[in-house]
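Student: This is run32.txt (compact mmCIF, C-alpha atoms).
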# COMPACT_ATOMS: atom_id res chain seq x y z
CA ALA A 17 -92.14 7.06 -82.44
CA GLN A 18 -94.62 4.46 -81.37
CA SER A 19 -97.75 5.23 -79.37
CA VAL A 20 -100.56 3.24 -77.80
CA SER A 21 -104.09 4.34 -77.09
CA GLN A 22 -106.65 2.63 -74.92
CA HIS A 23 -110.12 3.90 -75.60
CA ASN A 24 -111.82 3.12 -72.31
CA HIS A 25 -110.43 4.70 -69.18
CA HIS A 26 -112.99 3.20 -66.82
CA VAL A 27 -115.21 0.17 -67.34
CA ILE A 28 -117.78 -1.16 -64.88
CA LEU A 29 -119.28 -4.60 -65.45
CA SER A 30 -121.35 -7.08 -63.52
CA GLU A 31 -119.99 -10.58 -62.91
CA ALA A 32 -120.48 -12.93 -65.87
CA ALA A 33 -120.60 -10.07 -68.36
CA SER A 34 -118.31 -10.20 -71.38
CA LEU A 35 -115.33 -7.90 -71.60
CA GLU A 36 -113.59 -6.26 -74.51
CA LEU A 37 -110.93 -3.59 -73.97
CA GLY A 38 -109.70 -1.69 -76.97
CA CYS A 39 -106.06 -1.05 -77.81
CA ASN A 40 -104.68 0.65 -80.90
CA TYR A 41 -101.05 1.37 -81.62
CA SER A 42 -99.16 3.41 -84.14
CA TYR A 43 -95.87 2.13 -85.48
CA GLY A 44 -94.77 1.45 -89.01
CA GLY A 45 -92.65 -1.63 -88.42
CA THR A 46 -92.89 -5.02 -86.79
CA VAL A 47 -94.16 -4.90 -83.23
CA ASN A 48 -94.53 -7.19 -80.29
CA LEU A 49 -97.75 -6.69 -78.34
CA PHE A 50 -98.58 -7.21 -74.69
CA TRP A 51 -101.37 -6.89 -72.19
CA TYR A 52 -100.39 -6.37 -68.56
CA VAL A 53 -102.64 -6.32 -65.50
CA GLN A 54 -102.10 -4.50 -62.24
CA TYR A 55 -104.27 -5.79 -59.39
CA PRO A 56 -104.75 -3.40 -56.46
CA GLY A 57 -101.54 -3.22 -54.46
CA GLN A 58 -99.69 -5.65 -56.70
CA HIS A 59 -97.03 -5.38 -59.38
CA LEU A 60 -97.59 -5.44 -63.12
CA GLN A 61 -98.17 -8.96 -64.41
CA LEU A 62 -98.16 -10.21 -67.97
CA LEU A 63 -101.56 -11.46 -69.16
CA LEU A 64 -100.56 -12.38 -72.68
CA LYS A 65 -98.22 -11.50 -75.51
CA TYR A 66 -98.05 -11.62 -79.28
CA PHE A 67 -94.75 -11.91 -81.11
CA SER A 68 -95.73 -13.70 -84.32
CA GLY A 69 -97.91 -16.51 -85.65
CA ASP A 70 -101.57 -17.04 -84.80
CA PRO A 71 -103.06 -13.58 -84.28
CA LEU A 72 -105.46 -14.92 -81.65
CA VAL A 73 -103.48 -15.39 -78.47
CA LYS A 74 -104.63 -16.90 -75.24
CA GLY A 75 -103.31 -15.80 -71.90
CA ILE A 76 -103.79 -16.53 -68.25
CA LYS A 77 -107.08 -16.47 -66.35
CA GLY A 78 -109.22 -16.96 -69.47
CA PHE A 79 -108.11 -13.80 -71.27
CA GLU A 80 -107.44 -13.68 -74.99
CA ALA A 81 -106.48 -10.98 -77.48
CA GLU A 82 -106.64 -10.66 -81.23
CA PHE A 83 -104.01 -8.88 -83.30
CA ILE A 84 -105.54 -7.25 -86.36
CA LYS A 85 -102.63 -5.83 -88.32
CA SER A 86 -104.78 -3.88 -90.79
CA LYS A 87 -106.44 -2.05 -87.91
CA PHE A 88 -103.32 -1.68 -85.76
CA SER A 89 -105.37 -3.17 -82.96
CA PHE A 90 -104.83 -5.69 -80.18
CA ASN A 91 -108.07 -5.87 -78.22
CA LEU A 92 -108.36 -7.86 -75.00
CA ARG A 93 -111.37 -10.08 -74.40
CA LYS A 94 -112.83 -12.34 -71.76
CA PRO A 95 -116.18 -14.09 -72.20
CA SER A 96 -117.24 -13.93 -68.56
CA VAL A 97 -115.58 -11.67 -65.98
CA GLN A 98 -115.28 -12.35 -62.29
CA TRP A 99 -115.09 -9.99 -59.33
CA SER A 100 -111.39 -10.93 -59.03
CA ASP A 101 -110.73 -9.40 -62.46
CA THR A 102 -111.09 -5.94 -60.91
CA ALA A 103 -107.78 -4.31 -61.81
CA GLU A 104 -106.09 -1.89 -64.17
CA TYR A 105 -105.20 -3.22 -67.61
CA PHE A 106 -102.40 -1.89 -69.79
CA CYS A 107 -101.71 -2.53 -73.43
CA ALA A 108 -98.07 -2.19 -74.50
CA VAL A 109 -95.93 -2.54 -77.60
CA ASN A 110 -92.27 -2.77 -78.34
CA ASP A 111 -90.40 -2.77 -81.59
CA ASP A 112 -87.77 -5.13 -82.94
CA ALA A 113 -85.05 -3.41 -80.94
CA GLY A 114 -87.09 -4.51 -77.97
CA ASN A 115 -85.62 -2.23 -75.39
CA MET A 116 -88.56 0.04 -74.81
CA LEU A 117 -92.12 -0.87 -73.93
CA THR A 118 -94.63 1.83 -74.82
CA PHE A 119 -97.74 1.62 -72.66
CA GLY A 120 -101.23 2.90 -73.14
CA GLY A 121 -102.86 5.00 -70.45
CA GLY A 122 -104.59 1.99 -68.91
CA THR A 123 -108.19 0.91 -68.40
CA ARG A 124 -109.52 0.61 -64.88
CA LEU A 125 -111.98 -2.29 -64.71
CA MET A 126 -114.40 -2.70 -61.85
CA VAL A 127 -116.47 -5.88 -61.68
CA LYS A 128 -119.51 -5.71 -59.42
CA PRO A 129 -120.36 -8.94 -57.58
CA GLU L 13 -93.90 -13.01 -57.76
CA THR L 14 -91.41 -12.24 -60.54
CA GLY L 15 -88.18 -12.51 -58.59
CA VAL L 16 -87.53 -8.81 -59.21
CA THR L 17 -87.08 -6.80 -56.04
CA GLN L 18 -86.92 -3.05 -55.52
CA SER L 19 -85.93 -0.89 -52.59
CA PRO L 20 -87.06 1.12 -50.86
CA THR L 21 -90.81 0.57 -51.06
CA HIS L 22 -91.69 4.17 -50.28
CA LEU L 23 -89.63 7.33 -50.12
CA ILE L 24 -90.35 10.96 -49.34
CA LYS L 25 -87.91 13.62 -50.53
CA THR L 26 -87.83 17.38 -50.72
CA ARG L 27 -87.62 19.33 -53.96
CA GLY L 28 -83.99 19.81 -55.01
CA GLN L 29 -82.72 16.68 -53.26
CA GLN L 30 -81.23 13.62 -54.91
CA VAL L 31 -82.54 10.04 -54.71
CA THR L 32 -81.22 6.58 -55.52
CA LEU L 33 -83.57 3.68 -56.18
CA ARG L 34 -82.40 0.08 -56.40
CA CYS L 35 -83.45 -2.99 -58.32
CA SER L 36 -82.35 -6.62 -58.22
CA SER L 37 -83.17 -8.44 -61.39
CA GLN L 38 -84.38 -11.98 -61.72
CA SER L 39 -81.63 -14.58 -61.67
CA GLY L 40 -80.13 -15.08 -65.13
CA HIS L 41 -81.51 -11.83 -66.55
CA ASN L 42 -78.84 -9.47 -67.90
CA THR L 43 -81.09 -6.55 -68.85
CA VAL L 44 -82.94 -4.05 -66.68
CA SER L 45 -85.43 -1.40 -67.77
CA TRP L 46 -86.74 1.47 -65.65
CA TYR L 47 -90.16 3.08 -65.97
CA GLN L 48 -91.94 6.00 -64.32
CA GLN L 49 -95.66 5.61 -63.64
CA ALA L 50 -97.38 8.83 -62.65
CA LEU L 51 -100.73 8.57 -60.89
CA GLY L 52 -103.49 7.55 -63.29
CA GLN L 53 -101.14 6.97 -66.21
CA GLY L 54 -99.34 4.12 -67.90
CA PRO L 55 -95.66 3.50 -67.23
CA GLN L 56 -93.21 5.57 -69.28
CA PHE L 57 -89.82 4.18 -70.33
CA ILE L 58 -86.86 5.94 -68.74
CA PHE L 59 -83.93 3.81 -69.91
CA GLN L 60 -82.59 0.29 -70.22
CA TYR L 61 -79.28 -1.24 -69.21
CA TYR L 62 -77.84 -4.27 -70.95
CA ARG L 63 -74.63 -5.84 -69.68
CA GLU L 64 -73.78 -2.66 -67.72
CA GLU L 65 -74.24 -0.27 -70.69
CA GLU L 66 -77.17 2.05 -71.37
CA ASN L 67 -79.15 0.48 -74.22
CA GLY L 68 -81.86 2.98 -75.02
CA ARG L 69 -83.36 6.01 -73.34
CA GLY L 70 -86.80 7.56 -73.26
CA ASN L 71 -87.72 11.22 -73.15
CA PHE L 72 -86.27 12.00 -69.71
CA PRO L 73 -83.73 14.74 -68.86
CA PRO L 74 -80.10 13.95 -67.97
CA ARG L 75 -80.79 14.37 -64.26
CA PHE L 76 -82.24 10.86 -64.53
CA SER L 77 -79.23 8.53 -64.65
CA GLY L 78 -78.56 4.91 -63.98
CA LEU L 79 -76.06 2.19 -63.36
CA GLN L 80 -75.96 -1.54 -63.80
CA PHE L 81 -73.56 -3.67 -61.82
CA PRO L 82 -71.72 -6.87 -62.78
CA ASN L 83 -74.38 -8.93 -60.98
CA TYR L 84 -76.97 -7.14 -63.21
CA SER L 85 -78.64 -5.29 -60.35
CA SER L 86 -79.32 -1.66 -61.13
CA GLU L 87 -79.73 1.81 -59.69
CA LEU L 88 -81.80 4.75 -60.83
CA ASN L 89 -80.54 8.16 -59.68
CA VAL L 90 -82.55 11.33 -59.92
CA ASN L 91 -80.89 14.67 -59.17
CA ALA L 92 -82.50 18.02 -58.42
CA LEU L 93 -85.88 16.47 -57.65
CA GLU L 94 -88.98 18.28 -58.87
CA LEU L 95 -92.55 17.93 -57.66
CA ASP L 96 -93.49 16.23 -60.95
CA ASP L 97 -91.02 13.45 -60.20
CA SER L 98 -93.54 12.09 -57.68
CA ALA L 99 -94.50 8.72 -59.14
CA LEU L 100 -94.17 4.96 -58.89
CA TYR L 101 -90.81 3.89 -60.30
CA LEU L 102 -90.81 0.42 -61.81
CA CYS L 103 -87.93 -1.81 -62.65
CA ALA L 104 -88.26 -4.68 -65.10
CA SER L 105 -85.77 -7.41 -65.84
CA VAL L 106 -85.49 -9.06 -69.22
CA PRO L 107 -83.87 -12.43 -69.93
CA ASP L 108 -81.62 -11.16 -72.71
CA ARG L 109 -82.25 -7.60 -73.95
CA VAL L 110 -85.33 -8.47 -75.98
CA GLY L 111 -88.35 -10.29 -74.71
CA GLU L 112 -90.88 -10.38 -71.95
CA GLN L 113 -90.24 -7.89 -69.16
CA TYR L 114 -90.75 -9.00 -65.57
CA PHE L 115 -91.74 -6.13 -63.31
CA GLY L 116 -90.87 -5.50 -59.70
CA PRO L 117 -93.31 -4.05 -57.16
CA GLY L 118 -92.03 -0.51 -57.61
CA THR L 119 -90.81 2.32 -55.40
CA ARG L 120 -93.32 5.03 -54.58
CA LEU L 121 -91.47 8.39 -54.56
CA THR L 122 -93.15 11.48 -53.16
CA VAL L 123 -91.47 14.84 -53.64
CA THR L 124 -92.68 17.66 -51.39
Show me the file's structure as structure tokens.
Tutor:
Amino acid sequence: AQSVSQHNHHVILSEAASLELGCNYSYGGTVNLFWYVQYPGQHLQLLLKYFSGDPLVKGIKGFEAEFIKSKFSFNLRKPSVQWSDTAEYFCAVNDDAGNMLTFGGGTRLMVKP
Amino acid sequence: ETGVTQSPTHLIKTRGQQVTLRCSSQSGHNTVSWYQQALGQGPQFIFQYYREEENGRGNFPPRFSGLQFPNYSSELNVNALELDDSALYLCASVPDRVGEQYFGPGTRLTVT
């Protein structure tokens, strides 16, 4: 069975600070990797995804993530956060069958203006 | 906006009752997945329907059941509600079984 762990449950940053959220997964086969964001009162939205190819993927709103296969990691980064990035962030994986997304427990990010 | 709609938005039920939640998938998507998101946790996969057939199930008891209709909309039914069933229930539509999942706004179920 696959599992996902997100190391930081709560992160507080000031505007313009750099962000890195950790995500590690366990699964022996080929995986697809995702980061979703849930803004307060809104539905889950896809930030970025990795299926294959360049392990450094760029998503919306200036976010990027790097897939490091040897470390089973897919960390999310943003060079300079804004107050509007305050949200909960979820890392997720699915396998080749593709029918089941396994989510991490989420990281709640608060950006102070 | 993802084009995925869910109803109702909020629901309060009593322990032991039954509930039906509904989801309309994005146009052209033939696959629907359902997730349960308890407070403070990540979503957990309940099951997926592909072309009206169950196509994978997570670690949920049989009192969680579903349906998908010819227009690819879907229902989640939960029988014999328990207090721990209180959660946000999310529906996601997928273009064709495998791929990016587009989430709806969810139904907040409270069991008292």
Student: Residues within 10 Å of (-105.8, -16.9, -72.1), file coordinates, counting only C-alpha atoms: what are they? Give the list as a compact mmCIF listing (two decimals) with C-alpha atoms, keeping the file's coordinate frame.
Tutor:
# COMPACT_ATOMS: atom_id res chain seq x y z
CA LEU A 63 -101.56 -11.46 -69.16
CA LEU A 64 -100.56 -12.38 -72.68
CA LYS A 65 -98.22 -11.50 -75.51
CA LEU A 72 -105.46 -14.92 -81.65
CA VAL A 73 -103.48 -15.39 -78.47
CA LYS A 74 -104.63 -16.90 -75.24
CA GLY A 75 -103.31 -15.80 -71.90
CA ILE A 76 -103.79 -16.53 -68.25
CA LYS A 77 -107.08 -16.47 -66.35
CA GLY A 78 -109.22 -16.96 -69.47
CA PHE A 79 -108.11 -13.80 -71.27
CA GLU A 80 -107.44 -13.68 -74.99
CA ALA A 81 -106.48 -10.98 -77.48
CA LEU A 92 -108.36 -7.86 -75.00
CA ARG A 93 -111.37 -10.08 -74.40
CA LYS A 94 -112.83 -12.34 -71.76
Student: Residues of chain A no more than 8 Å from chain L, counting only C-alpha atoms: send them over as a ChimeraX atom specification.
Tutor: /A:58-62,106,113-122
Student: Between atom CA of A:Phe88 and atom CA of A:Ala108, what is the spacing in Å?
Tutor: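 These two atoms are separated by 12.4 Å.
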Student: I'd like the contact shell of A:Phe67 - 9 Å cut-off, only C-alpha atoms, skipping same-chain residues fewer than 6 positions apart - returned as a PyMOL selection string.
Tutor: chain A and resi 47-50
Student: Distance atom CA of L:Gly28-atom CA of L:Arg120, one decimal place?
Tutor: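 Computing the Euclidean distance for atom CA of L:Gly28 and atom CA of L:Arg120 yields 17.5 Å.
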Student: Using only C-alpha atoms, which protein or nucleic acid residues come within 6 Å of stretch 83-95 of chain L? Drop anything in the same chain fewer than 4 positions from it, and give the result as a VMD selection string.
Tutor: chain L and resid 27 to 37 42 75 to 79 123
Student: Can you write out the residues you just picked, keeping C-alpha atoms, as an mmCIF file, keeping the file's coordinate frame?
Tutor:
data_model
loop_
_atom_site.group_PDB
_atom_site.id
_atom_site.type_symbol
_atom_site.label_atom_id
_atom_site.label_comp_id
_atom_site.auth_asym_id
_atom_site.auth_seq_id
_atom_site.Cartn_x
_atom_site.Cartn_y
_atom_site.Cartn_z
ATOM 1 C CA ARG L 27 -87.620 19.330 -53.960
ATOM 2 C CA GLY L 28 -83.990 19.810 -55.010
ATOM 3 C CA GLN L 29 -82.720 16.680 -53.260
ATOM 4 C CA GLN L 30 -81.230 13.620 -54.910
ATOM 5 C CA VAL L 31 -82.540 10.040 -54.710
ATOM 6 C CA THR L 32 -81.220 6.580 -55.520
ATOM 7 C CA LEU L 33 -83.570 3.680 -56.180
ATOM 8 C CA ARG L 34 -82.400 0.080 -56.400
ATOM 9 C CA CYS L 35 -83.450 -2.990 -58.320
ATOM 10 C CA SER L 36 -82.350 -6.620 -58.220
ATOM 11 C CA SER L 37 -83.170 -8.440 -61.390
ATOM 12 C CA ASN L 42 -78.840 -9.470 -67.900
ATOM 13 C CA ARG L 75 -80.790 14.370 -64.260
ATOM 14 C CA PHE L 76 -82.240 10.860 -64.530
ATOM 15 C CA SER L 77 -79.230 8.530 -64.650
ATOM 16 C CA GLY L 78 -78.560 4.910 -63.980
ATOM 17 C CA LEU L 79 -76.060 2.190 -63.360
ATOM 18 C CA VAL L 123 -91.470 14.840 -53.640
#
Student: At a cut-off of 7 Å, using only C-alpha atoms, what residues contact A:Gly38? Leave out same-chain residues fewer than 3 positions from it and give the result as a list in words.
Tutor: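 Within the cut-off, the hits are Gln22, His23, Asn91 and Leu92 of chain A.
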Student: May I have the residues from that selection written out with C-alpha atoms, as a short mmCIF file (atom, residue, chain, number, x, y, z; two decimals), in the frame of the given file?
Tutor:
data_model
loop_
_atom_site.label_atom_id
_atom_site.label_comp_id
_atom_site.auth_asym_id
_atom_site.auth_seq_id
_atom_site.Cartn_x
_atom_site.Cartn_y
_atom_site.Cartn_z
CA GLN A 22 -106.65 2.63 -74.92
CA HIS A 23 -110.12 3.90 -75.60
CA ASN A 91 -108.07 -5.87 -78.22
CA LEU A 92 -108.36 -7.86 -75.00
#
Student: Closest to A:His26 among A:Glu104, A:Glu82, A:Asp111, A:Asp70, using all atoms listed in the file?
Tutor: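 Looking only at the distances to A:His26, the closest residue turns out to be A:Glu104.
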Student: One decimal, Å: what's the distance from atom CA of A:Lys87 over to atom CA of L:Ala50, could you say?
Tutor: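 Spanning atom CA of A:Lys87 to atom CA of L:Ala50 is a straight-line distance of 29.0 Å.
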Student: Compare A:Phe83, A:Val53, A:Pro71, A:Ser89 by their minimum atom-to-atom distance to A:Asn40, counting all atoms listed in the file, and give me the closest one.
Tutor: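 Selected residue with least distance to A:Asn40: A:Ser89.
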Student: Find the spatial neighbours of A:Val127, counting only C-alpha atoms, within a cut-off of 9 Å - ignore same-chain residues fewer than 5 positions away - and output them as a list of chain:residue names.
Tutor: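 Once the nearby chain positions are removed, what remains is A:Val27, A:Ile28, A:Leu29, A:Ser30, A:Glu31, A:Ala33, A:Val97, A:Gln98, A:Trp99, A:Ser100, A:Asp101, A:Thr102, A:Ala103.
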Student: Give the answer as one residue: which of L:Thr119, L:Gln38, L:Gln80, L:Gln48 has the shortest atom-to-atom distance to L:Pro20, using only C-alpha atoms?
Tutor: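 For L:Pro20, the nearest of the candidates is L:Thr119.
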Student: Closest to A:Gly69 among A:Tyr55, A:Ala17, A:Ser34, A:Lys85, using only C-alpha atoms?
Tutor: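 Ranking A:Tyr55, A:Ala17, A:Ser34, A:Lys85 by distance to A:Gly69, first place goes to A:Lys85.
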Student: Emit as lines of an AutoDock Vina configuration file the padded axis-aligned box for all listed atoms of stretch 97-109 of chain L, 4 Å per side, with centre and edge lengths in Å to one decimal.
Tutor:
center_x = -88.1
center_y = 0.5
center_z = -65.8
size_x = 20.9
size_y = 33.9
size_z = 24.3
